[in-house]
>>> print(open('model.pdb').read())   # PDB, C-alpha atoms
MODEL        1
ATOM      1  CA  MET G   1      88.535 -39.585 -42.840
ATOM      2  CA  ALA G   2      90.032 -36.168 -43.247
ATOM      3  CA  ALA G   3      90.959 -34.607 -39.922
ATOM      4  CA  ASP G   4      88.752 -31.562 -40.520
ATOM      5  CA  LYS G   5      85.703 -33.460 -41.773
ATOM      6  CA  LYS G   6      82.555 -32.399 -39.967
ATOM      7  CA  GLN G   7      79.974 -35.074 -39.374
ATOM      8  CA  ILE G   8      76.909 -35.860 -37.305
ATOM      9  CA  LYS G   9      76.132 -39.454 -36.411
ATOM     10  CA  VAL G  10      72.502 -40.134 -35.557
ATOM     11  CA  ARG G  11      71.352 -43.495 -34.231
ATOM     12  CA  VAL G  12      67.589 -44.122 -34.060
ATOM     13  CA  TYR G  13      66.523 -47.113 -31.926
ATOM     14  CA  PRO G  14      63.468 -49.324 -32.507
ATOM     15  CA  ASP G  15      61.921 -47.939 -29.315
ATOM     16  CA  GLY G  16      62.164 -44.412 -30.737
ATOM     17  CA  ARG G  17      65.111 -43.209 -28.666
ATOM     18  CA  ILE G  18      67.713 -41.205 -30.529
ATOM     19  CA  GLU G  19      71.407 -40.711 -29.873
ATOM     20  CA  ALA G  20      73.406 -38.153 -31.800
ATOM     21  CA  GLU G  21      76.953 -36.913 -31.698
ATOM     22  CA  THR G  22      78.938 -34.394 -33.604
ATOM     23  CA  VAL G  23      82.330 -35.361 -34.971
ATOM     24  CA  GLY G  24      85.080 -32.908 -35.879
ATOM     25  CA  ILE G  25      83.061 -29.841 -34.946
ATOM     26  CA  LYS G  26      85.367 -27.885 -32.678
ATOM     27  CA  GLY G  27      84.629 -26.058 -29.463
ATOM     28  CA  GLU G  28      81.372 -24.327 -28.653
ATOM     29  CA  ALA G  29      80.244 -24.413 -32.292
ATOM     30  CA  CYS G  30      79.003 -27.952 -31.676
ATOM     31  CA  THR G  31      76.346 -26.677 -29.266
ATOM     32  CA  ASP G  32      74.663 -24.902 -32.208
ATOM     33  CA  TYR G  33      73.804 -28.372 -33.492
ATOM     34  CA  ILE G  34      71.703 -29.235 -30.454
ATOM     35  CA  GLU G  35      68.890 -26.982 -31.665
ATOM     36  CA  ILE G  36      69.463 -27.917 -35.311
ATOM     37  CA  LEU G  37      69.158 -31.619 -34.481
ATOM     38  CA  GLU G  38      66.035 -31.074 -32.380
ATOM     39  CA  ARG G  39      64.407 -29.380 -35.388
ATOM     40  CA  LEU G  40      65.633 -31.952 -37.867
ATOM     41  CA  LEU G  41      64.401 -34.847 -35.763
ATOM     42  CA  ASP G  42      61.288 -33.291 -34.195
ATOM     43  CA  ALA G  43      62.735 -34.320 -30.890
ATOM     44  CA  GLU G  44      63.617 -32.967 -27.479
ATOM     45  CA  THR G  45      67.033 -33.298 -25.848
ATOM     46  CA  VAL G  46      66.826 -35.200 -22.592
ATOM     47  CA  ASP G  47      70.554 -35.507 -21.937
ATOM     48  CA  SER G  48      73.739 -34.009 -23.309
ATOM     49  CA  SER G  49      77.431 -34.244 -22.557
ATOM     50  CA  TYR G  50      80.595 -32.728 -23.950
ATOM     51  CA  THR G  51      83.248 -35.193 -24.966
ATOM     52  CA  ALA G  52      87.032 -35.000 -24.605
ATOM     53  CA  GLU G  53      87.439 -33.148 -27.890
ATOM     54  CA  TYR G  54      85.265 -30.295 -26.687
ATOM     55  CA  TYR G  55      87.310 -29.816 -23.512
ATOM     56  CA  GLU G  56      90.662 -30.237 -25.305
ATOM     57  CA  THR G  57      89.717 -27.460 -27.679
ATOM     58  CA  GLU G  58      88.598 -25.245 -24.819
ATOM     59  CA  GLN G  59      91.882 -25.856 -22.950
ATOM     60  CA  VAL G  60      93.923 -24.916 -26.012
ATOM     61  CA  GLU G  61      91.953 -21.700 -26.369
ATOM     62  CA  ALA G  62      92.297 -20.938 -22.661
ATOM     63  CA  ARG G  63      96.040 -21.558 -22.764
ATOM     64  CA  GLN G  64      96.391 -19.243 -25.744
ATOM     65  CA  ARG G  65      94.459 -16.553 -23.899
ATOM     66  CA  ASN G  66      96.804 -16.970 -20.884
ATOM     67  CA  VAL G  67      99.851 -16.651 -23.122
ATOM     68  CA  ASN G  68      98.450 -13.480 -24.650
ATOM     69  CA  SER G  69      97.713 -12.101 -21.204
ATOM     70  CA  THR G  70     101.284 -12.816 -20.067
ATOM     71  CA  ARG G  71     102.724 -11.035 -23.111
ATOM     72  CA  LEU G  72     100.574  -7.999 -22.455
ATOM     73  CA  VAL G  73     101.825  -7.831 -18.907
TER
ATOM     74  CA  MET X   5      83.631 -35.956 -31.042
ATOM     75  CA  SER X   6      82.506 -32.836 -29.347
ATOM     76  CA  VAL X   7      78.936 -33.201 -28.127
ATOM     77  CA  SER X   8      76.810 -36.234 -27.473
ATOM     78  CA  LEU X   9      73.012 -36.020 -27.199
ATOM     79  CA  ALA X  10      70.137 -38.241 -26.134
ATOM     80  CA  LEU X  11      66.826 -37.180 -27.663
ATOM     81  CA  VAL X  12      63.217 -38.305 -27.557
ATOM     82  CA  PRO X  13      60.925 -37.661 -30.536
ATOM     83  CA  VAL X  14      57.998 -35.406 -29.725
ATOM     84  CA  ALA X  15      55.698 -38.226 -30.929
ATOM     85  CA  LEU X  16      56.816 -40.241 -27.967
ATOM     86  CA  THR X  17      56.788 -39.993 -24.219
ATOM     87  CA  LEU X  18      59.462 -42.208 -22.785
ATOM     88  CA  ARG X  19      58.123 -42.345 -19.300
ATOM     89  CA  LEU X  20      57.846 -45.162 -16.879
ATOM     90  CA  VAL X  21      54.696 -46.866 -18.046
ATOM     91  CA  MET X  22      53.500 -49.395 -15.526
ATOM     92  CA  GLY X  23      55.965 -52.265 -15.734
ATOM     93  CA  LYS X  24      54.793 -55.824 -16.273
ATOM     94  CA  ARG X  25      55.600 -56.805 -12.710
ATOM     95  CA  ASN X  26      53.643 -53.895 -11.204
ATOM     96  CA  PHE X  27      50.806 -54.600 -13.574
ATOM     97  CA  SER X  28      50.681 -58.231 -12.460
ATOM     98  CA  ASN X  29      50.613 -57.175  -8.815
ATOM     99  CA  TRP X  30      47.825 -54.732  -9.541
ATOM    100  CA  ILE X  31      45.814 -57.325 -11.440
ATOM    101  CA  ASP X  32      46.297 -59.822  -8.617
ATOM    102  CA  SER X  33      44.863 -57.324  -6.173
ATOM    103  CA  MET X  34      41.701 -57.151  -8.289
ATOM    104  CA  GLN X  35      41.211 -60.901  -8.505
ATOM    105  CA  ASP X  36      39.953 -63.705  -6.313
ATOM    106  CA  LYS X  37      41.711 -66.958  -7.086
ATOM    107  CA  TYR X  38      40.313 -70.326  -6.091
ATOM    108  CA  PRO X  39      42.799 -73.160  -6.617
ATOM    109  CA  THR X  40      41.556 -76.681  -7.267
ATOM    110  CA  SER X  41      42.987 -80.153  -6.965
ATOM    111  CA  PHE X  42      42.008 -81.170 -10.504
ATOM    112  CA  ARG X  43      44.729 -83.509 -11.693
ATOM    113  CA  ASN X  44      44.566 -82.351 -15.295
ATOM    114  CA  GLU X  45      42.572 -80.386 -17.838
ATOM    115  CA  GLN X  46      40.480 -83.413 -18.886
ATOM    116  CA  GLU X  47      39.253 -83.949 -15.350
ATOM    117  CA  LEU X  48      38.410 -80.268 -15.021
ATOM    118  CA  VAL X  49      36.518 -80.137 -18.312
ATOM    119  CA  ARG X  50      34.609 -83.343 -17.498
ATOM    120  CA  ALA X  51      33.496 -82.060 -14.081
ATOM    121  CA  VAL X  52      32.538 -78.629 -15.410
ATOM    122  CA  HIS X  53      30.417 -80.161 -18.190
ATOM    123  CA  LEU X  54      28.842 -82.638 -15.775
ATOM    124  CA  ALA X  55      27.878 -79.728 -13.538
ATOM    125  CA  GLY X  56      26.073 -78.142 -16.485
ATOM    126  CA  TYR X  57      28.543 -75.407 -17.420
ATOM    127  CA  ASP X  58      30.594 -74.849 -20.559
ATOM    128  CA  THR X  59      34.303 -74.692 -21.271
ATOM    129  CA  GLU X  60      35.933 -72.793 -24.083
ATOM    130  CA  ASP X  61      39.632 -72.801 -24.928
ATOM    131  CA  TRP X  62      40.927 -69.251 -24.581
ATOM    132  CA  GLY X  63      44.605 -69.067 -25.490
ATOM    133  CA  GLY X  64      45.995 -71.260 -22.735
ATOM    134  CA  SER X  65      43.132 -70.489 -20.346
ATOM    135  CA  ILE X  66      39.631 -71.954 -20.226
ATOM    136  CA  LYS X  67      36.597 -69.727 -20.209
ATOM    137  CA  THR X  68      33.464 -70.863 -18.360
ATOM    138  CA  HIS X  69      30.103 -69.122 -18.298
ATOM    139  CA  ILE X  70      28.173 -69.263 -15.066
ATOM    140  CA  ASP X  71      25.255 -67.738 -16.909
ATOM    141  CA  GLU X  72      24.732 -65.866 -20.143
ATOM    142  CA  LYS X  73      26.814 -62.846 -19.134
ATOM    143  CA  PHE X  74      28.805 -63.905 -16.100
ATOM    144  CA  TYR X  75      31.945 -65.783 -16.993
ATOM    145  CA  PHE X  76      35.408 -66.318 -15.619
ATOM    146  CA  PHE X  77      38.679 -67.993 -16.592
ATOM    147  CA  TRP X  78      40.448 -71.088 -15.421
ATOM    148  CA  GLU X  79      44.200 -70.624 -15.335
ATOM    149  CA  THR X  80      47.072 -72.761 -14.116
ATOM    150  CA  VAL X  81      48.669 -71.013 -11.158
ATOM    151  CA  GLU X  82      51.695 -72.701  -9.591
ATOM    152  CA  GLY X  83      50.731 -75.931 -11.313
ATOM    153  CA  LYS X  84      47.104 -75.921 -10.084
ATOM    154  CA  TRP X  85      44.028 -75.282 -12.192
ATOM    155  CA  THR X  86      42.598 -72.166 -10.583
ATOM    156  CA  ALA X  87      39.281 -70.390 -11.020
ATOM    157  CA  VAL X  88      40.050 -66.669 -11.366
ATOM    158  CA  PHE X  89      37.209 -64.263 -10.609
ATOM    159  CA  ASP X  90      37.079 -60.491 -10.327
ATOM    160  CA  LYS X  91      36.908 -59.095  -6.809
ATOM    161  CA  SER X  92      33.579 -57.541  -7.789
ATOM    162  CA  ASP X  93      31.984 -60.875  -8.734
ATOM    163  CA  ASP X  94      29.137 -62.057  -6.544
ATOM    164  CA  LYS X  95      30.591 -64.335  -3.857
ATOM    165  CA  ALA X  96      27.365 -66.253  -3.274
ATOM    166  CA  ILE X  97      27.188 -67.205  -6.947
ATOM    167  CA  ILE X  98      30.839 -68.225  -6.942
ATOM    168  CA  GLU X  99      30.292 -70.372  -3.886
ATOM    169  CA  ARG X 100      27.300 -72.091  -5.428
ATOM    170  CA  PHE X 101      29.331 -72.688  -8.562
ATOM    171  CA  MET X 102      32.152 -74.259  -6.575
ATOM    172  CA  GLU X 103      29.713 -76.535  -4.762
ATOM    173  CA  ASP X 104      28.304 -77.600  -8.142
ATOM    174  CA  ILE X 105      31.794 -78.466  -9.316
ATOM    175  CA  ASN X 106      32.642 -80.352  -6.119
ATOM    176  CA  ARG X 107      29.449 -82.369  -6.475
ATOM    177  CA  ALA X 108      30.101 -83.144 -10.140
ATOM    178  CA  ALA X 109      33.717 -84.134  -9.448
ATOM    179  CA  GLY X 110      32.624 -86.451  -6.656
ATOM    180  CA  ARG X 111      35.111 -84.878  -4.256
ATOM    181  CA  ARG X 112      36.163 -81.508  -2.942
ATOM    182  CA  VAL X 113      38.316 -80.162  -5.746
ATOM    183  CA  PHE X 114      38.022 -76.664  -4.333
ATOM    184  CA  GLY X 115      39.817 -76.742  -0.973
ATOM    185  CA  GLU X 116      37.660 -76.692   2.161
ATOM    186  CA  GLU X 117      39.534 -73.763   3.618
ATOM    187  CA  THR X 118      38.845 -71.789   0.463
ATOM    188  CA  LEU X 119      35.120 -72.402   0.696
ATOM    189  CA  GLU X 120      34.703 -71.968   4.421
ATOM    190  CA  SER X 121      36.954 -68.960   4.750
ATOM    191  CA  ARG X 122      34.586 -66.937   2.587
ATOM    192  CA  PRO X 123      32.378 -64.919   4.948
ATOM    193  CA  GLN X 124      29.748 -64.105   2.323
ATOM    194  CA  ARG X 125      28.038 -67.482   2.612
ATOM    195  CA  THR X 126      24.244 -67.129   2.858
ATOM    196  CA  ALA X 127      21.388 -69.516   3.548
ATOM    197  CA  ALA X 128      20.321 -69.318  -0.063
ATOM    198  CA  SER X 129      23.774 -70.361  -1.196
ATOM    199  CA  THR X 130      23.045 -74.026  -0.534
ATOM    200  CA  ASP X 131      20.595 -74.068  -3.446
ATOM    201  CA  ARG X 132      21.975 -75.920  -6.433
ATOM    202  CA  ALA X 133      21.620 -72.948  -8.754
ATOM    203  CA  PRO X 134      20.576 -69.336  -8.194
ATOM    204  CA  SER X 135      17.238 -68.206  -9.545
ATOM    205  CA  PRO X 136      17.273 -66.002 -12.659
ATOM    206  CA  ALA X 137      16.164 -63.072 -10.477
ATOM    207  CA  VAL X 138      19.145 -63.548  -8.162
ATOM    208  CA  ARG X 139      21.506 -63.785 -11.119
ATOM    209  CA  GLU X 140      20.075 -60.644 -12.676
ATOM    210  CA  GLU X 141      20.416 -58.808  -9.379
ATOM    211  CA  ALA X 142      24.021 -59.945  -9.091
ATOM    212  CA  ARG X 143      24.683 -58.783 -12.632
ATOM    213  CA  GLN X 144      23.224 -55.376 -11.894
ATOM    214  CA  GLU X 145      25.384 -55.072  -8.809
ATOM    215  CA  LYS X 146      28.533 -56.177 -10.572
ATOM    216  CA  LYS X 147      30.640 -53.172 -11.425
ATOM    217  CA  VAL X 148      31.867 -52.801 -14.975
ATOM    218  CA  PRO X 149      35.626 -53.124 -14.673
ATOM    219  CA  THR X 150      37.385 -50.001 -15.929
ATOM    220  CA  ALA X 151      41.076 -49.302 -15.830
ATOM    221  CA  THR X 152      43.150 -46.406 -17.147
ATOM    222  CA  PHE X 153      46.800 -46.757 -18.141
ATOM    223  CA  PRO X 154      49.402 -44.190 -19.174
ATOM    224  CA  THR X 155      50.898 -44.668 -22.640
ATOM    225  CA  ASN X 156      53.905 -43.458 -24.606
ATOM    226  CA  PHE X 157      51.740 -42.126 -27.455
ATOM    227  CA  ARG X 158      51.692 -38.413 -28.243
ATOM    228  CA  ASP X 159      50.982 -38.340 -31.966
ATOM    229  CA  GLY X 160      47.267 -38.977 -32.558
ATOM    230  CA  GLU X 161      47.687 -39.503 -36.308
ATOM    231  CA  LEU X 162      50.397 -42.078 -35.812
ATOM    232  CA  LEU X 163      48.398 -43.823 -33.099
ATOM    233  CA  PHE X 164      45.313 -43.932 -35.322
ATOM    234  CA  ARG X 165      47.368 -45.357 -38.194
ATOM    235  CA  THR X 166      49.024 -47.952 -35.946
ATOM    236  CA  LEU X 167      45.647 -49.115 -34.611
ATOM    237  CA  LYS X 168      44.270 -49.271 -38.130
ATOM    238  CA  GLU X 169      47.186 -51.446 -39.228
ATOM    239  CA  PHE X 170      46.272 -53.756 -36.350
ATOM    240  CA  GLY X 171      42.831 -54.162 -37.947
ATOM    241  CA  VAL X 172      40.823 -52.872 -34.988
ATOM    242  CA  ASN X 173      38.965 -50.147 -36.936
ATOM    243  CA  PRO X 174      39.627 -47.146 -34.688
ATOM    244  CA  THR X 175      37.095 -44.318 -34.747
ATOM    245  CA  ARG X 176      37.433 -40.690 -33.766
ATOM    246  CA  HIS X 177      35.072 -39.089 -31.248
ATOM    247  CA  GLY X 178      36.191 -35.492 -30.966
ATOM    248  CA  ARG X 179      39.729 -35.729 -29.621
ATOM    249  CA  GLU X 180      39.269 -39.297 -28.461
ATOM    250  CA  ILE X 181      40.212 -42.408 -30.395
ATOM    251  CA  ARG X 182      38.172 -45.517 -29.713
ATOM    252  CA  CYS X 183      38.463 -49.113 -30.795
ATOM    253  CA  LYS X 184      37.537 -52.581 -29.661
ATOM    254  CA  ALA X 185      40.215 -55.132 -28.909
ATOM    255  CA  GLU X 186      40.360 -58.303 -26.825
ATOM    256  CA  ASN X 187      36.599 -58.034 -26.164
ATOM    257  CA  SER X 188      37.120 -54.654 -24.526
ATOM    258  CA  THR X 189      36.578 -51.038 -25.468
ATOM    259  CA  LEU X 190      39.729 -48.918 -25.562
ATOM    260  CA  THR X 191      39.406 -45.135 -25.381
ATOM    261  CA  PHE X 192      42.566 -43.106 -25.961
ATOM    262  CA  ARG X 193      42.521 -39.571 -24.542
ATOM    263  CA  GLN X 194      45.204 -36.945 -24.898
ATOM    264  CA  SER X 195      46.070 -34.756 -21.949
ATOM    265  CA  GLY X 196      46.357 -31.191 -23.215
ATOM    266  CA  ALA X 197      47.101 -30.237 -26.798
ATOM    267  CA  GLU X 198      50.394 -32.122 -27.083
ATOM    268  CA  GLY X 199      50.482 -34.249 -23.957
ATOM    269  CA  PRO X 200      50.662 -38.025 -23.826
ATOM    270  CA  TYR X 201      47.604 -40.191 -24.348
ATOM    271  CA  SER X 202      46.150 -42.377 -21.646
ATOM    272  CA  VAL X 203      43.973 -45.354 -22.451
ATOM    273  CA  GLU X 204      40.782 -46.284 -20.656
ATOM    274  CA  VAL X 205      39.864 -49.949 -20.854
ATOM    275  CA  THR X 206      36.245 -50.908 -20.225
ATOM    276  CA  ASN X 207      34.450 -54.244 -20.057
ATOM    277  CA  ALA X 208      37.701 -56.162 -20.060
ATOM    278  CA  PRO X 209      37.124 -59.856 -19.388
ATOM    279  CA  ASP X 210      40.861 -60.282 -19.010
ATOM    280  CA  LEU X 211      42.944 -57.165 -18.348
ATOM    281  CA  ARG X 212      46.163 -59.129 -18.726
ATOM    282  CA  ARG X 213      45.351 -59.813 -22.367
ATOM    283  CA  VAL X 214      44.454 -56.179 -22.957
ATOM    284  CA  TYR X 215      47.745 -55.145 -21.428
ATOM    285  CA  GLU X 216      49.634 -57.556 -23.673
ATOM    286  CA  TYR X 217      47.746 -56.164 -26.643
ATOM    287  CA  LEU X 218      48.608 -52.601 -25.642
ATOM    288  CA  SER X 219      52.264 -53.588 -25.255
ATOM    289  CA  THR X 220      52.232 -54.884 -28.833
ATOM    290  CA  VAL X 221      50.618 -51.653 -30.066
ATOM    291  CA  ASP X 222      53.255 -49.728 -28.103
ATOM    292  CA  ASP X 223      56.079 -51.660 -29.806
ATOM    293  CA  GLU X 224      54.570 -51.107 -33.248
ATOM    294  CA  TYR X 225      53.972 -47.418 -32.572
ATOM    295  CA  LYS X 226      57.617 -47.008 -31.580
ATOM    296  CA  ARG X 227      58.768 -48.778 -34.740
ATOM    297  CA  CYS X 228      56.606 -46.335 -36.724
ATOM    298  CA  VAL X 229      58.243 -43.454 -34.833
ATOM    299  CA  GLN X 230      61.677 -44.842 -35.697
ATOM    300  CA  ALA X 231      60.791 -45.039 -39.411
ATOM    301  CA  MET X 232      59.255 -41.556 -39.337
ATOM    302  CA  VAL X 233      62.321 -40.015 -37.651
ATOM    303  CA  VAL X 234      64.712 -41.595 -40.160
ATOM    304  CA  GLU X 235      62.637 -40.418 -43.123
ATOM    305  CA  LYS X 236      62.278 -36.877 -41.783
ATOM    306  CA  LEU X 237      65.995 -36.649 -41.138
ATOM    307  CA  LYS X 238      66.856 -37.736 -44.669
ATOM    308  CA  GLU X 239      64.313 -35.338 -46.184
ATOM    309  CA  ARG X 240      65.397 -32.347 -44.118
ATOM    310  CA  ALA X 241      69.163 -32.840 -44.147
ATOM    311  CA  ALA X 242      69.644 -31.053 -47.480
ATOM    312  CA  ASP X 243      67.909 -27.907 -46.173
ATOM    313  CA  ARG X 244      70.600 -27.709 -43.486
ATOM    314  CA  GLU X 245      73.474 -28.173 -45.931
ATOM    315  CA  MET X 246      73.995 -31.765 -44.906
ATOM    316  CA  THR X 247      74.307 -34.890 -47.004
ATOM    317  CA  VAL X 248      73.698 -38.467 -45.946
ATOM    318  CA  GLU X 249      76.999 -40.299 -46.244
ATOM    319  CA  SER X 250      75.725 -43.654 -45.059
ATOM    320  CA  GLU X 251      72.729 -45.445 -43.555
ATOM    321  CA  GLN X 252      73.202 -48.703 -41.668
ATOM    322  CA  VAL X 253      70.785 -51.014 -39.870
ATOM    323  CA  LEU X 254      72.637 -52.390 -36.858
ATOM    324  CA  GLU X 255      72.210 -55.713 -35.064
ATOM    325  CA  ASP X 256      69.743 -54.305 -32.548
ATOM    326  CA  ASN X 257      67.632 -52.935 -35.435
ATOM    327  CA  SER X 258      68.676 -49.395 -34.710
ATOM    328  CA  VAL X 259      69.401 -47.225 -37.750
ATOM    329  CA  LEU X 260      72.699 -45.330 -37.858
ATOM    330  CA  LEU X 261      72.838 -42.350 -40.205
ATOM    331  CA  THR X 262      76.095 -40.529 -40.835
ATOM    332  CA  LEU X 263      75.639 -36.986 -42.120
ATOM    333  CA  ASN X 264      78.343 -34.840 -43.630
ATOM    334  CA  VAL X 265      78.164 -31.181 -42.662
ATOM    335  CA  ARG X 266      79.167 -28.948 -45.560
ATOM    336  CA  ARG X 267      79.653 -25.640 -43.823
TER
ENDMDL
END
>>> encode(input="model.pdb", output="structure tokens")
Amino acid sequence: MAADKKQIKVRVYPDGRIEAETVGIKGEACTDYIEILERLLDAETVDSSYTAEYYETEQVEARQRNVNSTRLV
Amino acid sequence: MSVSLALVPVALTLRLVMGKRNFSNWIDSMQDKYPTSFRNEQELVRAVHLAGYDTEDWGGSIKTHIDEKFYFFWETVEGKWTAVFDKSDDKAIIERFMEDINRAAGRRVFGEETLESRPQRTAASTDRAPSPAVREEARQEKKVPTATFPTNFRDGELLFRTLKEFGVNPTRHGREIRCKAENSTLTFRQSGAEGPYSVEVTNAPDLRRVYEYLSTVDDEYKRCVQAMVVEKLKERAADREMTVESEQVLEDNSVLLTLNVRR
């Protein structure tokens, strides 16, 4: 799989429950897909969690902001 | 991976519907059970017939009519053939019935403590059989058993279709859906415009069977929801600039769809 490939994996169980996760969609952009998935599936989100990739991306962005701040000072 | 979601289709309410164990406890609280010392089914059937009553095989239980409309079930409980009555059944009639059976069996198959611990014994109860007037009076007094259960159903169309596929000929009465199943009338009512349905069960000779039936309907309804969700997702994906890369049915019968996002 290409490193920048964006995917959504949706698993629908026989009892109707649905699990979905975004793959390769960086940072806060992935949260846009919560509403999109709810509309696509006619479903309501009952639980959500950010995975390591989300936080890693956020940390990189935060570190870059800190670096920029240091340079300005 | 960046975000992980758990979702519930709007056609479904995944709430804690009364579990089987709680249901059994609730049913037990509505029943009077009279164990016997019948050694086997043959002895039971012989004694019941000799006493002038009928027996009818009923999926592992035996159904016996005390009169035209009053019947009960024999079930094996902890290895003993047990007469299972509703709490609302007339105790005097039950007692007379048990005496009939004891007489026909030639011994006390219903335990003495069971008979004598019942405070409802009356002078008239020593008669061999109650008069038609007494039976009619008892029938009038007997409450029609009604029970209401929560369900997971929220989509009336899907529920109607599922019931129809079960061959129970559901009918609509305003916003209610009614059908007959397991010798009972089931009335499904929705709370609010989009709330979950509850089901009212009336005239149930055996609530346990109705519950089992409803559990089967529940399973089928959920399978229909699964199929509907998968189809909708495939149909709508293109509108959101997505393509279905793969569709797999996994060991637990769940369906895994992998969508490629183009933008």
>>> residues_near_point(input="model.pdb", point="(82.5, -34.1, -32.9)", cutoff="6 Å", atoms="only C-alpha atoms", output="ChimeraX atom specification")
/G:22-25 /X:5-6
>>> interface_residues(input="model.pdb", of="chain X", to="chain G", cutoff="10 Å", atoms="only C-alpha atoms", output="ChimeraX atom specification")
/X:5-18,222-241,243-244,246-254,256-267
>>> atom_distance(input="model.pdb", atom1="atom CA of His69 of chain X", atom2="atom CA of Val113 of chain X")
18.6 Å
>>> atom_distance(input="model.pdb", atom1="atom CA of Glu216 of chain X", atom2="atom CA of Glu161 of chain X")
22.1 Å
>>> resolve_selection(input="model.pdb", expression="the PyMOL selection byres ((chain X and resi 166) around 8)", output="number ranges by chain")
X: 162-165, 167-170, 221, 224-225, 228
>>> atom_distance(input="model.pdb", atom1="atom CA of Thr86 of chain X", atom2="atom CA of Lys37 of chain X")
6.3 Å
>>> residues_near_point(input="model.pdb", point="(41.5, -44.5, -23.5)", cutoff="10 Å", atoms="all atoms listed in the file", output="PDB file with C-alpha atoms, keeping the file's coordinate frame")
ATOM      1  CA  ALA X 151      41.076 -49.302 -15.830  1.00  0.00           C
ATOM      2  CA  THR X 152      43.150 -46.406 -17.147  1.00  0.00           C
ATOM      3  CA  PHE X 153      46.800 -46.757 -18.141  1.00  0.00           C
ATOM      4  CA  PRO X 154      49.402 -44.190 -19.174  1.00  0.00           C
ATOM      5  CA  THR X 155      50.898 -44.668 -22.640  1.00  0.00           C
ATOM      6  CA  GLU X 180      39.269 -39.297 -28.461  1.00  0.00           C
ATOM      7  CA  ILE X 181      40.212 -42.408 -30.395  1.00  0.00           C
ATOM      8  CA  ARG X 182      38.172 -45.517 -29.713  1.00  0.00           C
ATOM      9  CA  CYS X 183      38.463 -49.113 -30.795  1.00  0.00           C
ATOM     10  CA  THR X 189      36.578 -51.038 -25.468  1.00  0.00           C
ATOM     11  CA  LEU X 190      39.729 -48.918 -25.562  1.00  0.00           C
ATOM     12  CA  THR X 191      39.406 -45.135 -25.381  1.00  0.00           C
ATOM     13  CA  PHE X 192      42.566 -43.106 -25.961  1.00  0.00           C
ATOM     14  CA  ARG X 193      42.521 -39.571 -24.542  1.00  0.00           C
ATOM     15  CA  GLN X 194      45.204 -36.945 -24.898  1.00  0.00           C
ATOM     16  CA  TYR X 201      47.604 -40.191 -24.348  1.00  0.00           C
ATOM     17  CA  SER X 202      46.150 -42.377 -21.646  1.00  0.00           C
ATOM     18  CA  VAL X 203      43.973 -45.354 -22.451  1.00  0.00           C
ATOM     19  CA  GLU X 204      40.782 -46.284 -20.656  1.00  0.00           C
ATOM     20  CA  VAL X 205      39.864 -49.949 -20.854  1.00  0.00           C
ATOM     21  CA  THR X 206      36.245 -50.908 -20.225  1.00  0.00           C
TER      22      THR X 206
END
>>> resolve_selection(input="model.pdb", expression="the PyMOL selection byres ((chain X and resi 38) around 12)", output="number ranges by chain")
X: 35-37, 39-42, 76-81, 84-91, 95, 98-99, 101-102, 113-119, 121-122
>>> axis_aligned_box(input="model.pdb", around="segment 164-179 of chain X", padding_each_side="5 Å", output="AutoDock Vina command-line options")
--center_x 42.0 --center_y -44.8 --center_z -34.4 --size_x 24.0 --size_y 28.7 --size_z 19.6
